[in-house]
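The data block below is upload_30.txt; it holds compact mmCIF, C-alpha atoms.
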```
# COMPACT_ATOMS: atom_id res chain seq x y z
CA MET I 502 57.03 118.15 97.21
CA THR I 503 54.49 117.29 94.52
CA ASP I 504 51.97 114.50 95.00
CA TRP I 505 53.79 112.39 92.43
CA ALA I 506 57.11 112.82 94.26
CA PHE I 507 55.37 112.02 97.53
CA GLY I 508 53.84 108.85 96.14
CA LEU I 509 57.09 107.72 94.58
CA THR I 510 59.00 108.40 97.81
CA MET I 511 56.45 106.40 99.80
CA THR I 512 56.61 103.54 97.30
CA ILE I 513 60.38 103.30 97.22
CA MET I 514 60.81 103.69 100.95
CA GLY I 515 57.81 101.59 101.83
CA MET I 516 58.65 98.62 99.65
CA GLY I 517 62.38 99.00 100.21
CA ILE I 518 62.17 98.94 103.99
CA THR I 519 59.53 96.20 103.99
CA PHE I 520 61.66 93.98 101.76
CA LEU I 521 64.80 94.74 103.74
CA THR I 522 63.13 94.00 107.06
CA LEU I 523 61.66 90.72 105.88
CA PHE I 524 65.00 89.76 104.33
CA LEU I 525 66.66 90.39 107.70
CA LEU I 526 63.97 88.26 109.31
CA ILE I 527 64.75 85.44 106.87
CA LEU I 528 68.39 85.53 107.96
CA VAL I 529 67.45 85.65 111.64
CA ILE I 530 65.04 82.73 111.29
CA ARG I 531 67.63 80.66 109.46
CA LEU I 532 70.10 81.40 112.23
CA MET I 533 67.56 80.38 114.85
CA ASN I 534 66.84 77.13 113.01
CA ARG I 535 70.58 76.35 113.02
CA LEU I 536 70.97 77.20 116.71
CA PHE I 537 67.83 75.32 117.74
CA PRO I 538 67.24 72.53 115.25
CA PHE I 539 64.13 70.41 115.49
CA LYS I 540 64.78 67.19 117.37
CA ASP I 541 62.47 64.30 116.74
CA GLU I 542 61.71 63.02 120.24
CA ARG I 543 60.81 59.62 118.88
CA LYS I 544 64.39 59.11 117.64
CA GLY I 545 65.73 59.98 121.09
CA LYS I 546 63.91 57.06 122.71
CA GLY I 547 65.03 53.48 122.32
CA MET L 52 -4.86 120.57 125.89
CA GLU L 53 -1.83 122.48 124.71
CA ALA L 54 0.38 120.50 127.07
CA LEU L 55 -1.02 117.27 125.63
CA VAL L 56 -0.32 118.37 122.06
CA SER L 57 3.16 119.48 123.03
CA ALA L 58 3.89 116.16 124.73
CA LEU L 59 2.61 114.15 121.77
CA SER L 60 4.67 116.16 119.29
CA SER L 61 7.88 115.41 121.19
CA LEU L 62 7.19 111.70 120.78
CA ALA L 63 7.03 111.87 117.00
CA ILE L 64 10.03 114.15 116.57
CA GLY L 65 12.11 111.46 114.88
CA PHE L 66 9.69 111.24 111.95
CA SER L 67 9.90 114.95 111.26
CA ASN L 68 13.72 114.81 111.14
CA ILE L 69 14.15 111.85 108.85
CA SER L 70 16.09 112.55 105.67
CA LEU L 71 16.55 110.79 102.34
CA PRO L 72 20.26 109.93 102.93
CA GLY L 73 19.38 108.67 106.40
CA THR L 74 16.59 106.51 105.02
CA LEU L 75 18.91 105.05 102.39
CA MET L 76 21.41 104.19 105.10
CA LEU L 77 18.67 102.44 107.11
CA LEU L 78 18.00 100.38 104.01
CA ILE L 79 21.69 99.59 103.60
CA GLY L 80 21.85 98.51 107.24
CA CYS L 81 18.91 96.17 106.72
CA ILE L 82 20.54 94.72 103.60
CA LEU L 83 23.71 93.95 105.56
CA LEU L 84 21.65 92.21 108.24
CA TYR L 85 19.90 90.18 105.53
CA LEU L 86 23.24 89.16 103.99
CA ALA L 87 24.54 88.15 107.40
CA ILE L 88 21.57 86.01 108.39
CA ALA L 89 20.09 84.67 105.14
CA LYS L 90 23.31 84.31 103.16
CA LYS L 91 25.57 83.79 106.19
CA ILE L 92 28.16 86.25 104.85
CA GLU L 93 30.54 87.16 107.68
CA PRO L 94 27.77 87.48 110.29
CA ILE L 95 30.21 88.28 113.08
CA LEU L 96 31.02 91.51 111.25
CA LEU L 97 27.92 92.37 109.26
CA ILE L 98 25.48 92.10 112.17
CA PRO L 99 27.21 94.70 114.38
CA ILE L 100 27.95 96.91 111.38
CA GLY L 101 24.44 96.62 109.95
CA PHE L 102 22.78 97.32 113.30
CA GLY L 103 25.23 100.14 113.96
CA ILE L 104 24.23 101.74 110.65
CA ILE L 105 20.56 101.57 111.64
CA LEU L 106 21.13 102.97 115.13
CA GLY L 107 23.49 105.68 113.91
CA ASN L 108 21.15 106.95 111.22
CA LEU L 109 17.97 107.11 113.30
CA PRO L 110 17.35 110.84 113.75
CA MET L 111 17.38 112.40 117.23
CA ALA L 112 18.44 109.08 118.79
CA GLY L 113 21.91 110.27 119.74
CA LEU L 114 23.41 106.93 118.75
CA SER L 115 25.71 107.87 115.90
CA ALA L 116 29.43 107.66 116.57
CA HIS L 117 29.58 111.46 116.39
CA ASP L 118 26.77 112.32 118.83
CA GLU L 119 28.74 113.69 121.77
CA GLY L 120 28.15 111.79 124.98
CA GLY L 121 26.12 109.02 123.39
CA ILE L 122 27.01 105.44 124.28
CA ILE L 123 28.34 104.65 120.82
CA ASN L 124 30.30 107.91 120.76
CA ILE L 125 31.95 106.83 123.99
CA LEU L 126 32.94 103.51 122.41
CA TYR L 127 34.12 105.33 119.29
CA LYS L 128 36.37 107.67 121.26
CA PHE L 129 37.55 104.89 123.53
CA GLY L 130 38.32 102.29 120.92
CA ILE L 131 38.60 103.82 117.45
CA LEU L 132 40.13 107.26 117.95
CA THR L 133 42.70 105.79 120.33
CA GLU L 134 43.39 102.88 117.93
CA LEU L 135 42.76 100.55 120.86
CA PHE L 136 40.30 98.19 119.14
CA PRO L 137 42.53 97.20 116.20
CA SER L 138 45.45 96.71 118.57
CA LEU L 139 43.40 94.39 120.78
CA LEU L 140 42.24 92.45 117.74
CA PHE L 141 45.86 91.82 116.88
CA ILE L 142 46.39 90.05 120.20
CA GLY L 143 43.69 87.60 119.19
CA LEU L 144 45.11 87.29 115.68
CA GLY L 145 48.58 86.56 116.99
CA ALA L 146 47.15 83.94 119.32
CA MET L 147 45.44 82.23 116.37
CA ILE L 148 48.34 82.17 113.90
CA ASP L 149 50.76 79.26 113.66
CA PHE L 150 53.96 80.62 112.13
CA GLY L 151 55.42 77.10 111.94
CA PRO L 152 55.15 76.66 108.14
CA MET L 153 56.77 80.03 107.58
CA LEU L 154 59.53 79.32 110.11
CA ALA L 155 60.22 75.99 108.41
CA ASN L 156 60.78 77.73 105.08
CA PRO L 157 61.50 81.41 105.77
CA THR L 158 62.17 82.16 102.10
CA VAL L 159 58.40 82.51 101.64
CA LEU L 160 58.66 85.80 103.55
CA ILE L 161 59.73 87.24 100.20
CA PHE L 162 56.17 86.67 99.01
CA GLY L 163 54.93 88.37 102.16
CA ALA L 164 56.81 91.47 101.08
CA ALA L 165 55.84 91.24 97.41
CA GLY L 166 52.18 90.96 98.34
CA GLN L 167 52.23 94.52 99.74
CA PHE L 168 53.24 96.22 96.51
CA GLY L 169 49.60 96.82 95.65
CA ILE L 170 49.33 99.20 98.60
CA PHE L 171 51.88 101.58 97.17
CA LEU L 172 50.77 101.31 93.55
CA THR L 173 47.24 102.12 94.69
CA LEU L 174 48.60 105.07 96.66
CA LEU L 175 49.85 106.53 93.37
CA LEU L 176 46.47 105.89 91.74
CA ALA L 177 44.57 107.45 94.63
CA LEU L 178 46.72 110.58 94.46
CA TRP L 179 46.07 110.75 90.72
CA ALA L 180 42.32 110.35 91.39
CA GLY L 181 42.36 113.49 93.52
CA PHE L 182 42.53 112.20 97.07
CA SER L 183 44.66 114.15 99.51
CA ARG L 184 47.85 112.47 100.73
CA GLN L 185 46.31 111.35 103.99
CA GLU L 186 43.20 110.07 102.21
CA ALA L 187 45.26 108.32 99.54
CA VAL L 188 47.25 106.44 102.18
CA SER L 189 44.03 105.43 103.92
CA VAL L 190 42.55 104.11 100.69
CA ALA L 191 45.75 102.35 99.67
CA ILE L 192 46.03 100.48 102.99
CA ILE L 193 43.00 98.44 101.95
CA GLY L 194 45.61 96.55 99.97
CA ALA L 195 47.01 95.28 103.25
CA CYS L 196 44.05 92.86 103.17
CA ASP L 197 43.79 93.29 106.89
CA GLY L 198 40.83 94.94 108.61
CA PRO L 199 42.53 96.02 111.84
CA THR L 200 45.55 97.43 109.99
CA ALA L 201 43.29 99.39 107.64
CA ILE L 202 41.30 100.76 110.58
CA TYR L 203 44.46 101.62 112.50
CA VAL L 204 46.02 103.60 109.64
CA THR L 205 42.78 105.26 108.49
CA SER L 206 41.83 106.41 111.99
CA LYS L 207 45.16 108.28 112.07
CA PHE L 208 44.95 109.87 108.62
CA ALA L 209 41.39 110.19 107.35
CA ARG L 210 38.69 109.37 109.88
CA GLU L 211 35.95 110.47 107.51
CA LEU L 212 36.90 107.56 105.25
CA LEU L 213 36.93 105.04 108.09
CA PRO L 214 33.52 103.49 107.35
CA ALA L 215 34.18 103.04 103.64
CA VAL L 216 37.73 101.75 104.14
CA SER L 217 36.67 99.32 106.88
CA ILE L 218 33.80 97.88 104.88
CA ALA L 219 35.98 97.61 101.78
CA ALA L 220 38.86 95.95 103.65
CA TYR L 221 36.71 93.32 105.33
CA SER L 222 34.55 92.72 102.25
CA TYR L 223 37.44 92.20 99.90
CA MET L 224 39.16 89.84 102.32
CA CYS L 225 36.08 87.62 102.02
CA LEU L 226 36.09 88.02 98.24
CA VAL L 227 39.69 86.90 97.81
CA PRO L 228 38.54 83.47 96.51
CA ILE L 229 36.78 85.33 93.70
CA ILE L 230 39.32 88.10 93.06
CA GLN L 231 42.53 86.10 92.96
CA PRO L 232 41.97 83.03 90.75
CA PRO L 233 41.42 84.85 87.42
CA ILE L 234 44.57 86.89 88.01
CA MET L 235 46.53 83.78 88.95
CA ARG L 236 45.46 81.97 85.80
CA ALA L 237 46.09 84.96 83.57
CA LEU L 238 49.66 85.46 84.76
CA THR L 239 50.85 81.85 84.87
CA THR L 240 51.02 78.96 82.46
CA LYS L 241 49.52 75.60 83.30
CA LYS L 242 53.02 74.13 83.45
CA GLU L 243 54.00 76.72 86.07
CA ARG L 244 50.84 76.16 88.10
CA ALA L 245 51.44 72.43 87.99
CA THR L 246 54.88 72.70 89.62
CA LEU L 247 55.18 70.19 92.41
CA MET L 248 56.71 71.23 95.71
CA PRO L 249 57.86 69.01 98.57
CA THR L 250 54.86 67.63 100.42
CA ALA L 251 56.61 66.61 103.64
CA GLU L 252 55.90 69.20 106.30
CA LYS L 253 59.11 70.46 107.83
CA LYS L 254 59.02 71.01 111.53
CA VAL L 255 60.70 73.64 113.65
CA SER L 256 61.75 73.40 117.25
CA ARG L 257 59.69 74.80 120.08
CA GLU L 258 62.56 77.11 120.96
CA VAL L 259 62.40 78.76 117.54
CA LYS L 260 58.63 79.21 117.81
CA ILE L 261 59.01 80.85 121.21
CA ILE L 262 61.95 83.10 120.33
CA PHE L 263 60.51 84.19 116.98
CA PRO L 264 57.81 86.61 118.26
CA VAL L 265 60.25 88.26 120.65
CA VAL L 266 62.96 88.72 118.02
CA THR L 267 60.50 89.84 115.36
CA GLY L 268 58.84 92.31 117.68
CA ILE L 269 62.16 93.83 118.73
CA LEU L 270 63.59 93.99 115.20
CA THR L 271 60.52 95.41 113.45
CA ILE L 272 59.69 97.93 116.17
CA LEU L 273 63.27 99.20 116.23
CA ILE L 274 63.04 99.71 112.46
CA ALA L 275 59.57 101.28 112.44
CA PRO L 276 58.48 102.25 115.98
CA MET L 277 55.18 103.71 114.82
CA GLY L 278 53.95 100.22 114.03
CA ALA L 279 54.62 99.11 117.60
CA PRO L 280 50.98 98.85 118.72
CA LEU L 281 50.11 96.48 115.88
CA MET L 282 53.31 94.46 115.65
CA GLY L 283 53.72 94.39 119.43
CA MET L 284 50.21 93.06 120.02
CA LEU L 285 50.52 90.54 117.17
CA MET L 286 53.72 89.17 118.63
CA LEU L 287 52.35 89.22 122.18
CA GLY L 288 49.42 87.07 121.09
CA ASN L 289 51.72 84.69 119.26
CA PHE L 290 54.17 84.47 122.16
CA MET L 291 51.33 83.61 124.52
CA ARG L 292 50.26 80.85 122.12
CA GLU L 293 53.72 79.37 121.70
CA SER L 294 54.70 79.63 125.38
CA GLY L 295 52.25 76.83 126.11
CA VAL L 296 51.91 77.91 129.75
CA ILE L 297 48.91 80.22 129.65
CA LYS L 298 46.36 78.25 127.67
CA GLY L 299 43.48 80.04 129.38
CA LEU L 300 44.67 83.46 128.27
CA VAL L 301 45.29 82.17 124.77
CA GLU L 302 41.76 80.78 124.52
CA VAL L 303 40.27 84.02 125.83
CA SER L 304 42.34 86.02 123.33
CA GLN L 305 41.35 83.81 120.44
CA GLU L 306 37.64 83.71 121.26
CA THR L 307 36.27 86.11 123.86
CA LEU L 308 38.53 89.11 123.38
CA THR L 309 38.30 88.91 119.60
CA SER L 310 34.52 88.52 119.67
CA ILE L 311 33.93 91.42 122.08
CA VAL L 312 36.25 93.78 120.22
CA THR L 313 34.76 92.77 116.88
CA LEU L 314 31.29 93.53 118.25
CA PHE L 315 32.26 97.00 119.47
CA LEU L 316 34.35 97.69 116.38
CA GLY L 317 31.55 96.78 114.01
CA LEU L 318 28.98 98.72 116.01
CA THR L 319 31.03 101.91 116.14
CA ILE L 320 32.03 101.74 112.49
CA GLY L 321 28.46 101.11 111.44
CA ALA L 322 27.25 104.00 113.59
CA SER L 323 29.80 106.28 111.99
CA MET L 324 28.37 105.64 108.51
CA LEU L 325 26.06 108.62 108.27
CA GLY L 326 24.19 109.18 105.03
CA GLY L 327 25.62 112.59 104.34
CA ASN L 328 29.22 111.38 104.60
CA PHE L 329 28.90 107.88 103.20
CA LEU L 330 26.66 108.31 100.17
CA ARG L 331 29.15 110.17 98.01
CA TRP L 332 31.03 109.44 94.81
CA GLN L 333 34.16 109.33 96.90
CA THR L 334 32.87 106.21 98.67
CA ILE L 335 32.46 104.41 95.37
CA LEU L 336 35.97 105.44 94.43
CA VAL L 337 37.25 104.01 97.72
CA PHE L 338 35.63 100.68 96.94
CA VAL L 339 37.01 100.66 93.38
CA LEU L 340 40.54 101.53 94.47
CA GLY L 341 40.35 98.97 97.28
CA LEU L 342 39.58 96.29 94.73
CA VAL L 343 42.45 97.54 92.59
CA ALA L 344 44.80 97.40 95.58
CA ILE L 345 44.08 93.77 96.32
CA SER L 346 44.26 92.83 92.66
CA LEU L 347 47.64 94.54 92.34
CA ASP L 348 48.86 92.69 95.45
CA THR L 349 48.05 89.45 93.65
CA VAL L 350 49.68 90.61 90.42
CA THR L 351 52.94 91.63 92.07
CA GLY L 352 52.98 88.53 94.24
CA ILE L 353 52.55 86.26 91.23
CA LEU L 354 55.22 88.15 89.28
CA VAL L 355 57.69 87.66 92.14
CA GLY L 356 56.59 84.03 92.23
CA LYS L 357 57.46 83.67 88.55
CA LEU L 358 60.83 85.25 89.21
CA MET L 359 61.47 82.75 92.01
CA TYR L 360 60.35 79.96 89.67
CA ILE L 361 62.99 81.03 87.15
CA ILE L 362 65.74 81.63 89.72
CA THR L 363 65.23 78.23 91.37
CA GLY L 364 65.03 76.38 88.07
CA GLY L 365 61.37 75.52 88.43
CA LYS L 366 61.39 74.40 92.07
CA ILE L 367 59.02 77.05 93.44
CA ASN L 368 55.42 77.18 92.24
CA PRO L 369 54.69 80.80 91.23
CA LEU L 370 51.15 80.49 92.62
CA LEU L 371 52.69 80.92 96.07
CA GLY L 372 53.09 84.59 95.27
CA ALA L 373 49.33 85.05 95.56
CA ALA L 374 49.46 83.79 99.14
CA GLY L 375 51.71 86.66 100.18
CA THR L 376 48.72 88.82 101.05
CA SER L 377 47.44 89.12 104.59
CA ALA L 378 44.09 87.49 103.78
CA PHE L 379 44.66 84.52 106.06
CA PRO L 380 43.76 81.72 105.44
CA MET L 381 41.70 82.47 102.32
CA SER L 382 44.67 83.15 100.04
CA ALA L 383 46.44 79.96 101.11
CA ARG L 384 43.34 77.90 100.35
CA VAL L 385 42.95 79.57 96.95
CA VAL L 386 46.57 78.71 96.08
CA GLN L 387 46.05 75.11 97.16
CA ARG L 388 42.89 74.82 95.07
CA GLU L 389 44.39 76.38 91.94
CA GLY L 390 47.51 74.23 92.28
CA GLN L 391 45.43 71.07 92.48
CA LYS L 392 43.33 72.11 89.49
CA ALA L 393 46.53 72.25 87.43
CA ASN L 394 48.02 69.11 88.96
CA PRO L 395 45.96 66.82 91.21
CA ARG L 396 49.19 65.57 92.83
CA SER L 397 50.14 69.08 93.91
CA PHE L 398 49.89 69.94 97.60
CA LEU L 399 50.81 73.55 98.16
CA LEU L 400 48.88 74.28 101.35
CA PHE L 401 51.80 74.00 103.76
CA HIS L 402 53.95 76.38 101.72
CA ALA L 403 51.00 78.68 100.99
CA VAL L 404 50.20 78.99 104.68
CA GLY L 405 53.81 79.96 105.27
CA ALA L 406 53.59 82.67 102.62
CA ASN L 407 50.22 83.79 103.98
CA THR L 408 51.49 84.24 107.53
CA GLY L 409 54.50 86.00 106.08
CA GLY L 410 52.04 88.31 104.39
CA GLN L 411 50.55 89.12 107.78
CA ILE L 412 53.94 90.32 108.97
CA GLY L 413 54.57 92.08 105.67
CA SER L 414 51.31 94.02 105.82
CA VAL L 415 51.91 95.24 109.36
CA MET L 416 55.46 96.17 108.40
CA ALA L 417 54.24 98.10 105.35
CA ALA L 418 51.74 99.99 107.51
CA ALA L 419 54.41 100.73 110.10
CA VAL L 420 56.73 102.09 107.43
CA ILE L 421 53.95 104.27 106.01
CA LEU L 422 53.29 105.70 109.47
CA ALA L 423 57.00 106.28 110.06
CA VAL L 424 57.54 108.03 106.72
CA MET L 425 54.43 110.18 107.15
CA ALA L 426 55.60 111.15 110.64
CA GLY L 427 59.04 111.94 109.27
CA MET L 428 57.45 114.22 106.69
CA GLY L 429 55.53 115.98 109.47
CA ILE L 430 52.15 114.91 108.14
CA ILE L 431 51.27 113.18 111.41
CA PRO L 432 52.79 113.72 114.86
CA THR L 433 55.40 111.20 116.04
```

Mind turning the file's structure into structure tokens?
Amino acid sequence: MTDWAFGLTMTIMGMGITFLTLFLLILVIRLMNRLFPFKDERKGKG
Amino acid sequence: MEALVSALSSLAIGFSNISLPGTLMLLIGCILLYLAIAKKIEPILLIPIGFGIILGNLPMAGLSAHDEGGIINILYKFGILTELFPSLLFIGLGAMIDFGPMLANPTVLIFGAAGQFGIFLTLLLALWAGFSRQEAVSVAIIGACDGPTAIYVTSKFARELLPAVSIAAYSYMCLVPIIQPPIMRALTTKKERATLMPTAEKKVSREVKIIFPVVTGILTILIAPMGAPLMGMLMLGNFMRESGVIKGLVEVSQETLTSIVTLFLGLTIGASMLGGNFLRWQTILVFVLGLVAISLDTVTGILVGKLMYIITGGKINPLLGAAGTSAFPMSARVVQREGQKANPRSFLLFHAVGANTGGQIGSVMAAAVILAVMAGMGIIPT
């Protein structure tokens, strides 16, 4: 593999997997926010 | 008489072994100490590094990081070659970070990913400049804007570049307020910079804050196991913080652990900067490419920010893209300042902090992927 091919492979895989992972995290966080919404404790009283 | 002469000559042996590169490094060490004390530039780092340079370059003292059996060599083998020190620093970092703003608006994680593009673009440039693959990766990781990550990756691939990469990574993190603004202004219009975003801080539940580090650790480590030491320690520190039940450990992690490890890290890195290895054209190239890496991070982050601005019909301020680096909290503050310059009613800090903490995760993820791909190619052992 030439250096150029190596660099391109690293770039595509590196950015691709990083984006994909963070996109998955976005979905997971949104799911968590739906399952455990913030409750304002002040509204619960009185 | 002969015995007396012989004894006296052994006392002055250091003077007879001093070299020009070593002397220059002593001078550099003194300059770093001056900057730390007189100019108050990152003293917690520059003092150990500066003193380490002086100790490591004194001839016949046995205090360089490479003098077998010396006390600094022991620390170097114990903490740097094993990647222990950067991993421990990540516990402290995780204990300091509040992921709340990012959890409240997880879309900003996109900027955390975009802000790592500079690493890979710089990798291509470093290969073109003649660095080997391992060296090019080590230089490119400066773009992670994260000292411990840069040290972790470089100690695996190109230990001879560790001093230059470490100094560059930490220096440029401090220089983010100087590096980023011109790029931000060049790539955005005043109208774009003036975009208002919601000022009300959204809150997330305690359950989400507690579950997040566990879920993130599991997910990211399953995807890229080679990043486990960094991501695992980051999430451990954050879980301790959010659990709320071990405040003592959290405080120790934030203050004592971080300070001790920073001291040893700086000392060993400084003592590994020997004149013969450090004073080369290659070192200057490392510094230049490191600057390019961080600049490219900002460019790609801003470009993704502009794309989000267009996609959302002008609801997202493109300046947020610059906060997707791991330079926490400098980048977030720079975004806030530039936003307010364009529109005094703009308050971007909450969103910028979210993007900035997302950048922390993005940078560790990028490093983990690099390690995994290099291991898959057989360049480093799994």

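Taking CA of Asn407 (chain L) and CA of Ala374 (chain L) as endpoints, the distance between them is 4.9 Å.
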
At most 8 Å to chain L: residues in chain I, all atoms listed in the file, as a list in words: Asp504, Trp505, Gly508, Leu509, Met511, Thr512, Met514, Gly515, Met516, Ile518, Thr519, Phe520, Thr522, Leu523, Phe524, Leu526, Ile527, Ile530, Arg531, Met533, Asn534, Phe537, Pro538, Phe539 and Lys540 of chain I

Who sits within 12 Å of Gly288 (chain L), only C-alpha atoms, same chain under 6 positions skipped, as a ChimeraX atom specification: /L:138-150,261,264-265,268,281-282,294-295,297-298,300-305,308-309

Store the residues picked out above in a file with C-alpha atoms, as a short mmCIF file (atom, residue, chain, number, x, y, z; two decimals), in the coordinates of the input.
```cif
data_model
loop_
_atom_site.label_atom_id
_atom_site.label_comp_id
_atom_site.auth_asym_id
_atom_site.auth_seq_id
_atom_site.Cartn_x
_atom_site.Cartn_y
_atom_site.Cartn_z
CA SER L 138 45.45 96.71 118.57
CA LEU L 139 43.40 94.39 120.78
CA LEU L 140 42.24 92.45 117.74
CA PHE L 141 45.86 91.82 116.88
CA ILE L 142 46.39 90.05 120.20
CA GLY L 143 43.69 87.60 119.19
CA LEU L 144 45.11 87.29 115.68
CA GLY L 145 48.58 86.56 116.99
CA ALA L 146 47.15 83.94 119.32
CA MET L 147 45.44 82.23 116.37
CA ILE L 148 48.34 82.17 113.90
CA ASP L 149 50.76 79.26 113.66
CA PHE L 150 53.96 80.62 112.13
CA ILE L 261 59.01 80.85 121.21
CA PRO L 264 57.81 86.61 118.26
CA VAL L 265 60.25 88.26 120.65
CA GLY L 268 58.84 92.31 117.68
CA LEU L 281 50.11 96.48 115.88
CA MET L 282 53.31 94.46 115.65
CA SER L 294 54.70 79.63 125.38
CA GLY L 295 52.25 76.83 126.11
CA ILE L 297 48.91 80.22 129.65
CA LYS L 298 46.36 78.25 127.67
CA LEU L 300 44.67 83.46 128.27
CA VAL L 301 45.29 82.17 124.77
CA GLU L 302 41.76 80.78 124.52
CA VAL L 303 40.27 84.02 125.83
CA SER L 304 42.34 86.02 123.33
CA GLN L 305 41.35 83.81 120.44
CA LEU L 308 38.53 89.11 123.38
CA THR L 309 38.30 88.91 119.60
#
```

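Distance annotation: of L:Thr351, L:Thr205, L:Ser222, L:Ser217, the residue with the minimal separation from Pro94 (chain L) is L:Ser222; atom set is all atoms listed in the file.
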
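CA of Arg535 (chain I) lies 29.5 Å from CA of Val386 (chain L).
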
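Going from CA of Asn68 (chain L) to CA of Pro99 (chain L) covers 24.4 Å.
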
Surrounding residues of Ser70 (chain L) excluding itself and chain neighbours under 3 positions, 10 Å, all atoms listed in the file, as a PyMOL selection string: chain L and resi 66-67+73-76+108-110+326-327

Quick one: 6 Å padding each side, axis-aligned, all listed atoms of region 507-520 of chain I - centre and edge lengths in Å to one decimal, as lines of an AutoDock Vina configuration file?
```
center_x = 58.1
center_y = 103.0
center_z = 99.3
size_x = 20.5
size_y = 30.0
size_z = 21.4
```

Pick from L:Val339, L:Leu55, L:Ile234, L:Ile430 nearest to Ala220 (chain L), counting only C-alpha atoms: L:Val339
